[in-house]
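Coordinates from structure-v8.tsv are shown below (TSV, C-alpha atoms).
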chain	number	residue	atom	x	y	z
A	1	MET	CA	9.73	3.26	-11.20
A	2	HIS	CA	8.44	6.65	-10.10
A	3	ASP	CA	5.42	5.00	-8.45
A	4	ARG	CA	7.66	2.78	-6.34
A	5	MET	CA	9.83	5.68	-5.21
A	6	GLN	CA	6.75	7.45	-3.79
A	7	TYR	CA	6.34	4.58	-1.31
A	8	LEU	CA	10.00	4.12	-0.40
A	9	ARG	CA	9.60	5.67	3.07
A	10	LEU	CA	6.71	3.29	3.71
A	11	LEU	CA	8.90	0.37	2.65
A	12	TYR	CA	11.80	1.56	4.84
A	13	THR	CA	9.41	1.87	7.78
A	14	CYS	CA	8.02	-1.63	7.22
A	15	MET	CA	11.50	-3.13	6.80
A	16	PHE	CA	12.64	-1.44	10.03
A	17	GLN	CA	9.61	-2.86	11.88
A	18	ALA	CA	10.18	-6.33	10.42
A	19	SER	CA	13.85	-6.33	11.40
A	20	ASP	CA	13.11	-4.93	14.86
A	21	GLY	CA	10.12	-7.05	15.85
A	22	GLY	CA	9.54	-9.61	13.10
A	23	GLY	CA	6.88	-9.70	10.44
A	24	THR	CA	6.60	-9.18	6.71
A	25	CYS	CA	6.00	-6.30	4.33
A	26	ILE	CA	4.12	-8.02	1.53
A	27	ASP	CA	1.21	-10.28	2.48
A	28	PRO	CA	-1.70	-12.01	0.76
A	29	LEU	CA	-5.05	-10.47	1.66
A	30	GLN	CA	-6.06	-13.51	3.72
A	31	PHE	CA	-3.13	-12.88	6.10
A	32	VAL	CA	-4.62	-9.48	7.00
A	33	TYR	CA	-8.38	-9.88	6.48
A	34	ASP	CA	-10.94	-12.64	7.03
A	35	ILE	CA	-12.09	-13.54	3.53
A	36	PRO	CA	-15.69	-14.86	3.38
A	37	GLN	CA	-15.91	-18.60	2.65
A	38	LYS	CA	-17.88	-18.03	-0.58
A	39	PHE	CA	-14.71	-16.71	-2.25
A	40	TRP	CA	-12.75	-19.86	-1.43
A	41	ASN	CA	-15.10	-22.31	-3.15
A	42	THR	CA	-14.50	-21.27	-6.76
A	43	GLY	CA	-12.82	-24.45	-8.06
A	44	SER	CA	-9.77	-22.45	-9.17
A	45	LEU	CA	-7.62	-19.74	-7.67
A	46	PRO	CA	-9.87	-17.41	-5.67
A	47	ASP	CA	-10.50	-14.00	-7.26
A	48	PHE	CA	-8.83	-12.26	-4.32
A	49	SER	CA	-5.55	-14.18	-4.72
A	50	ASN	CA	-4.02	-11.65	-7.14
A	51	SER	CA	-4.27	-8.74	-4.70
A	52	PHE	CA	-1.83	-8.28	-1.86
A	53	MET	CA	-1.16	-5.92	1.02
A	54	PHE	CA	2.00	-3.82	1.02
A	55	ALA	CA	3.27	-2.68	4.43
A	56	GLY	CA	-0.12	-3.54	5.95
A	57	SER	CA	-1.71	-0.38	4.51
A	58	LEU	CA	-1.76	-0.50	0.72
A	59	LYS	CA	-3.87	-2.98	-1.23
A	60	VAL	CA	-2.22	-3.63	-4.58
A	61	SER	CA	-4.44	-5.04	-7.34
A	62	PRO	CA	-2.36	-5.90	-10.40
A	63	ILE	CA	-3.97	-7.14	-13.60
A	64	MET	CA	-2.61	-10.66	-13.94
A	65	ASN	CA	-4.47	-11.86	-17.05
A	66	LYS	CA	-5.60	-8.96	-19.15
A	67	THR	CA	-8.24	-10.08	-21.60
A	68	SER	CA	-8.04	-8.38	-24.97
A	69	GLY	CA	-10.41	-5.43	-24.96
A	70	ALA	CA	-11.30	-5.80	-21.26
A	71	LYS	CA	-12.14	-2.48	-19.67
A	72	THR	CA	-12.47	-3.76	-16.09
A	73	PHE	CA	-11.20	-6.50	-13.80
A	74	LYS	CA	-12.43	-7.93	-10.49
A	75	SER	CA	-10.78	-7.20	-7.16
A	76	TYR	CA	-11.89	-8.12	-3.65
A	77	PHE	CA	-12.29	-5.31	-1.08
A	78	PRO	CA	-12.77	-5.91	2.67
A	79	LYS	CA	-15.20	-3.65	4.56
A	80	GLY	CA	-14.43	0.05	4.79
A	81	THR	CA	-13.58	2.99	2.58
A	82	TRP	CA	-10.51	2.38	0.42
A	83	VAL	CA	-8.85	5.44	-1.15
A	84	SER	CA	-7.26	5.25	-4.59
A	85	MET	CA	-3.64	6.37	-4.44
A	86	ALA	CA	-3.83	7.47	-8.09
A	87	ASP	CA	-6.72	9.86	-7.38
A	88	TRP	CA	-7.52	10.55	-3.73
A	89	ASN	CA	-11.05	11.61	-4.73
A	90	GLN	CA	-11.85	8.06	-5.87
A	91	THR	CA	-12.85	5.54	-3.24
A	92	VAL	CA	-14.20	2.01	-3.08
A	93	GLN	CA	-16.79	1.33	-0.39
A	94	GLY	CA	-15.71	-2.19	0.49
A	95	GLN	CA	-18.37	-4.61	1.74
A	96	ASP	CA	-16.42	-7.91	1.73
A	97	ASP	CA	-17.19	-8.34	-1.94
A	98	MET	CA	-15.73	-8.15	-5.44
A	99	TYR	CA	-15.58	-4.80	-7.23
A	100	MET	CA	-14.81	-3.90	-10.80
A	101	LEU	CA	-11.70	-1.77	-11.29
A	102	ASP	CA	-10.61	0.09	-14.42
A	103	ALA	CA	-8.29	-2.04	-16.55
A	104	THR	CA	-7.62	0.71	-19.10
A	105	VAL	CA	-5.34	2.80	-16.86
A	106	ASN	CA	-1.58	2.65	-17.34
A	107	TYR	CA	-0.74	2.10	-13.68
A	108	THR	CA	-1.33	-0.58	-11.08
A	109	GLN	CA	-4.42	-0.04	-8.93
A	110	VAL	CA	-3.34	0.75	-5.36
A	111	HIS	CA	-5.75	1.62	-2.51
A	112	LEU	CA	-5.09	2.88	1.01
A	113	ALA	CA	-6.74	0.76	3.68
A	114	PRO	CA	-9.21	2.22	6.19
A	115	ALA	CA	-7.64	3.48	9.45
A	116	SER	CA	-4.22	3.93	7.82
A	117	VAL	CA	-1.65	6.72	7.78
A	118	ILE	CA	1.31	6.35	5.42
A	119	PRO	CA	4.32	8.47	4.50
A	120	PHE	CA	4.26	9.57	0.86
A	121	GLN	CA	6.74	11.47	-1.26
A	122	ASN	CA	5.20	12.72	-4.48
A	123	ASN	CA	7.34	11.77	-7.44
A	124	SER	CA	5.01	12.86	-10.25
A	125	ASP	CA	7.87	14.95	-11.67
A	126	MET	CA	9.91	11.70	-11.85
A	127	MET	CA	12.95	13.40	-10.32
A	128	VAL	CA	13.60	10.76	-7.62
A	129	ASN	CA	15.85	7.95	-8.79
A	130	THR	CA	18.06	7.35	-5.73
A	131	THR	CA	17.87	7.53	-1.94
A	132	ALA	CA	19.91	10.76	-2.13
A	133	ASP	CA	17.20	12.27	-4.40
A	134	LEU	CA	14.54	11.11	-1.94
A	135	LEU	CA	16.17	13.09	0.89
A	136	LYS	CA	15.43	16.31	-1.03
A	137	LYS	CA	11.69	15.64	-1.35
A	138	PRO	CA	9.17	16.69	1.31
A	139	ILE	CA	7.34	13.92	3.14
A	140	SER	CA	3.56	14.04	3.30
A	141	LEU	CA	1.22	11.91	5.35
A	142	VAL	CA	-1.75	10.39	3.58
A	143	ILE	CA	-4.55	9.60	6.03
A	144	ASN	CA	-7.63	7.43	5.50
A	145	ARG	CA	-9.70	7.50	8.69
A	146	ASP	CA	-12.05	4.67	9.56
A	147	GLN	CA	-15.78	5.04	10.32
A	148	ASN	CA	-14.87	6.29	13.82
A	149	GLY	CA	-12.52	8.98	12.49
A	150	GLN	CA	-9.42	7.08	13.66
A	151	ALA	CA	-6.21	6.18	11.81
A	152	ASN	CA	-2.67	5.24	12.77
A	153	GLY	CA	0.70	4.67	11.17
A	154	GLN	CA	4.43	4.88	11.66
A	155	LEU	CA	7.40	6.55	10.01
A	156	PHE	CA	11.05	5.52	10.11
A	157	LEU	CA	13.53	8.20	9.05
A	158	ASP	CA	17.22	7.91	8.38
A	159	THR	CA	19.53	9.27	5.70
A	160	GLY	CA	19.93	5.84	4.13
A	161	LEU	CA	23.62	6.60	3.75
A	162	LEU	CA	25.30	5.23	6.88
A	163	ILE	CA	24.88	1.82	8.52
A	164	SER	CA	26.06	3.42	11.77
A	165	GLU	CA	22.66	5.17	12.04
A	166	MET	CA	21.19	1.81	13.03
A	167	ASP	CA	24.04	0.92	15.40
A	168	ASP	CA	24.06	4.36	17.02
A	169	GLN	CA	20.26	4.63	16.93
A	170	THR	CA	20.48	8.09	15.37
A	171	TYR	CA	17.44	7.39	13.20
A	172	GLU	CA	13.98	8.77	13.98
A	173	TYR	CA	10.84	6.69	14.49
A	174	TYR	CA	7.35	8.14	14.85
A	175	ASN	CA	3.97	6.64	15.80
A	176	PHE	CA	0.88	8.63	14.89

Render the structure in this file as structure tokens.
Amino acid sequence: MHDRMQYLRLLYTCMFQASDGGGTCIDPLQFVYDIPQKFWNTGSLPDFSNSFMFAGSLKVSPIMNKTSGAKTFKSYFPKGTWVSMADWNQTVQGQDDMYMLDATVNYTQVHLAPASVIPFQNNSDMMVNTTADLLKKPISLVINRDQNGQANGQLFLDTGLLISEMDDQTYEYYNF
């Protein structure tokens, strides 16, 4: 649960955008990236079908069928540098190909897409369990610039306590 709470501001931002202008917050990779044809002709579900994009910026790669004793699993990465959200020093240099990820970790592999900026509230102390708890945590921006040094993102802020914030437009919305 603590992992999910770290991304709650990102989810709130995506849900605000979807309600304001349409769209979705959880998409298959092929909705966001052009997947090379060679990955479609496998005779079964394509290897990339287990991964999905969250809020257009985070690639989530769950282990769907863990083989006993398996130390790695395959995950497709589009072009660009993808930053591990578990360890920002670890990256995957995507080249529109499959990569082996560690299957021995006790968390779901999540990577920040190139050219993305996301709000992040560290919950490694596991103290955030409610929206009220979230309001007490500082918000950081995690930035993964593309090859041209560019990145963009948005942030929706409200207290999460009053529906009137939407009606009165007393929320805050930032583009960066």

Calculate, to one decimal in Å, the centre and edge lengths of the box along x, y and z of the file that holds all listed atoms of stretch 82-86 of chain A with 3 Å of margin on each side, and present them as lines of an AutoDock Vina configuration file.
center_x = -7.1
center_y = 4.9
center_z = -3.8
size_x = 12.9
size_y = 11.1
size_z = 14.5

> Between atom CA of A:Ala55 and atom CA of A:Leu29, what is the spacing in Å?
Replying inline: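 The value is 11.7 Å.
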
>> I need the residue nearest A:Met100 from this list: A:Gln121, A:Ser68, A:Ser61, A:Thr81. Use all atoms listed in the file for the distance.
In response: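 Closest candidate: A:Ser61.
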
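Straight-line separation from atom CA of A:Ile139 to atom CA of A:Asn106: 25.0 Å.
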
> In Å, with one decimal, what is the gap from atom CA of A:Asp102 to atom CA of A:Ser140?
Replying inline: 26.6 Å

Find the residues near stretch 142-147 of chain A: any atom within 7 Å, counting all atoms listed in the file, skip ones fewer than 2 places away on the same chain, and give them as a tab-separated table (two decimals) with C-alpha atoms, in the frame of the given file.
chain	number	residue	atom	x	y	z
A	112	LEU	CA	-5.09	2.88	1.01
A	113	ALA	CA	-6.74	0.76	3.68
A	114	PRO	CA	-9.21	2.22	6.19
A	115	ALA	CA	-7.64	3.48	9.45
A	116	SER	CA	-4.22	3.93	7.82
A	117	VAL	CA	-1.65	6.72	7.78
A	118	ILE	CA	1.31	6.35	5.42
A	119	PRO	CA	4.32	8.47	4.50
A	120	PHE	CA	4.26	9.57	0.86
A	140	SER	CA	3.56	14.04	3.30
A	149	GLY	CA	-12.52	8.98	12.49
A	150	GLN	CA	-9.42	7.08	13.66
A	151	ALA	CA	-6.21	6.18	11.81

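Comparing the minimum interatomic distances between A:Ser49 and each of A:Met15, A:Thr91, A:Met98, A:Ala86, counting all atoms listed in the file, we find that A:Met98 sits nearest.
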
> Smallest atom-to-atom distance to A:Arg4: which of A:Phe54, A:Asn148, A:Leu161, A:Phe73, using all atoms listed in the file?
Replying inline: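 For A:Arg4, the nearest of the given residues is A:Phe54.
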
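Distances to A:Tyr99 were evaluated for A:Gly80, A:Asn122, A:Lys74, A:Leu141 using only C-alpha atoms, and the minimum falls at A:Lys74.
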
>> Please return as a PyMOL selection string every residue within 10 Å of (-2.7, 4.8, -12.8), taking into account only C-alpha atoms and the file's own coordinates.
In response: chain A and resi 3+84-87+102-110

> In terms of the shortest atom-to-atom distance over only C-alpha atoms, which of A:Gln169, A:Thr131, A:Gln37, A:Gln154 is closest to A:Leu10?
Replying inline: A:Gln154
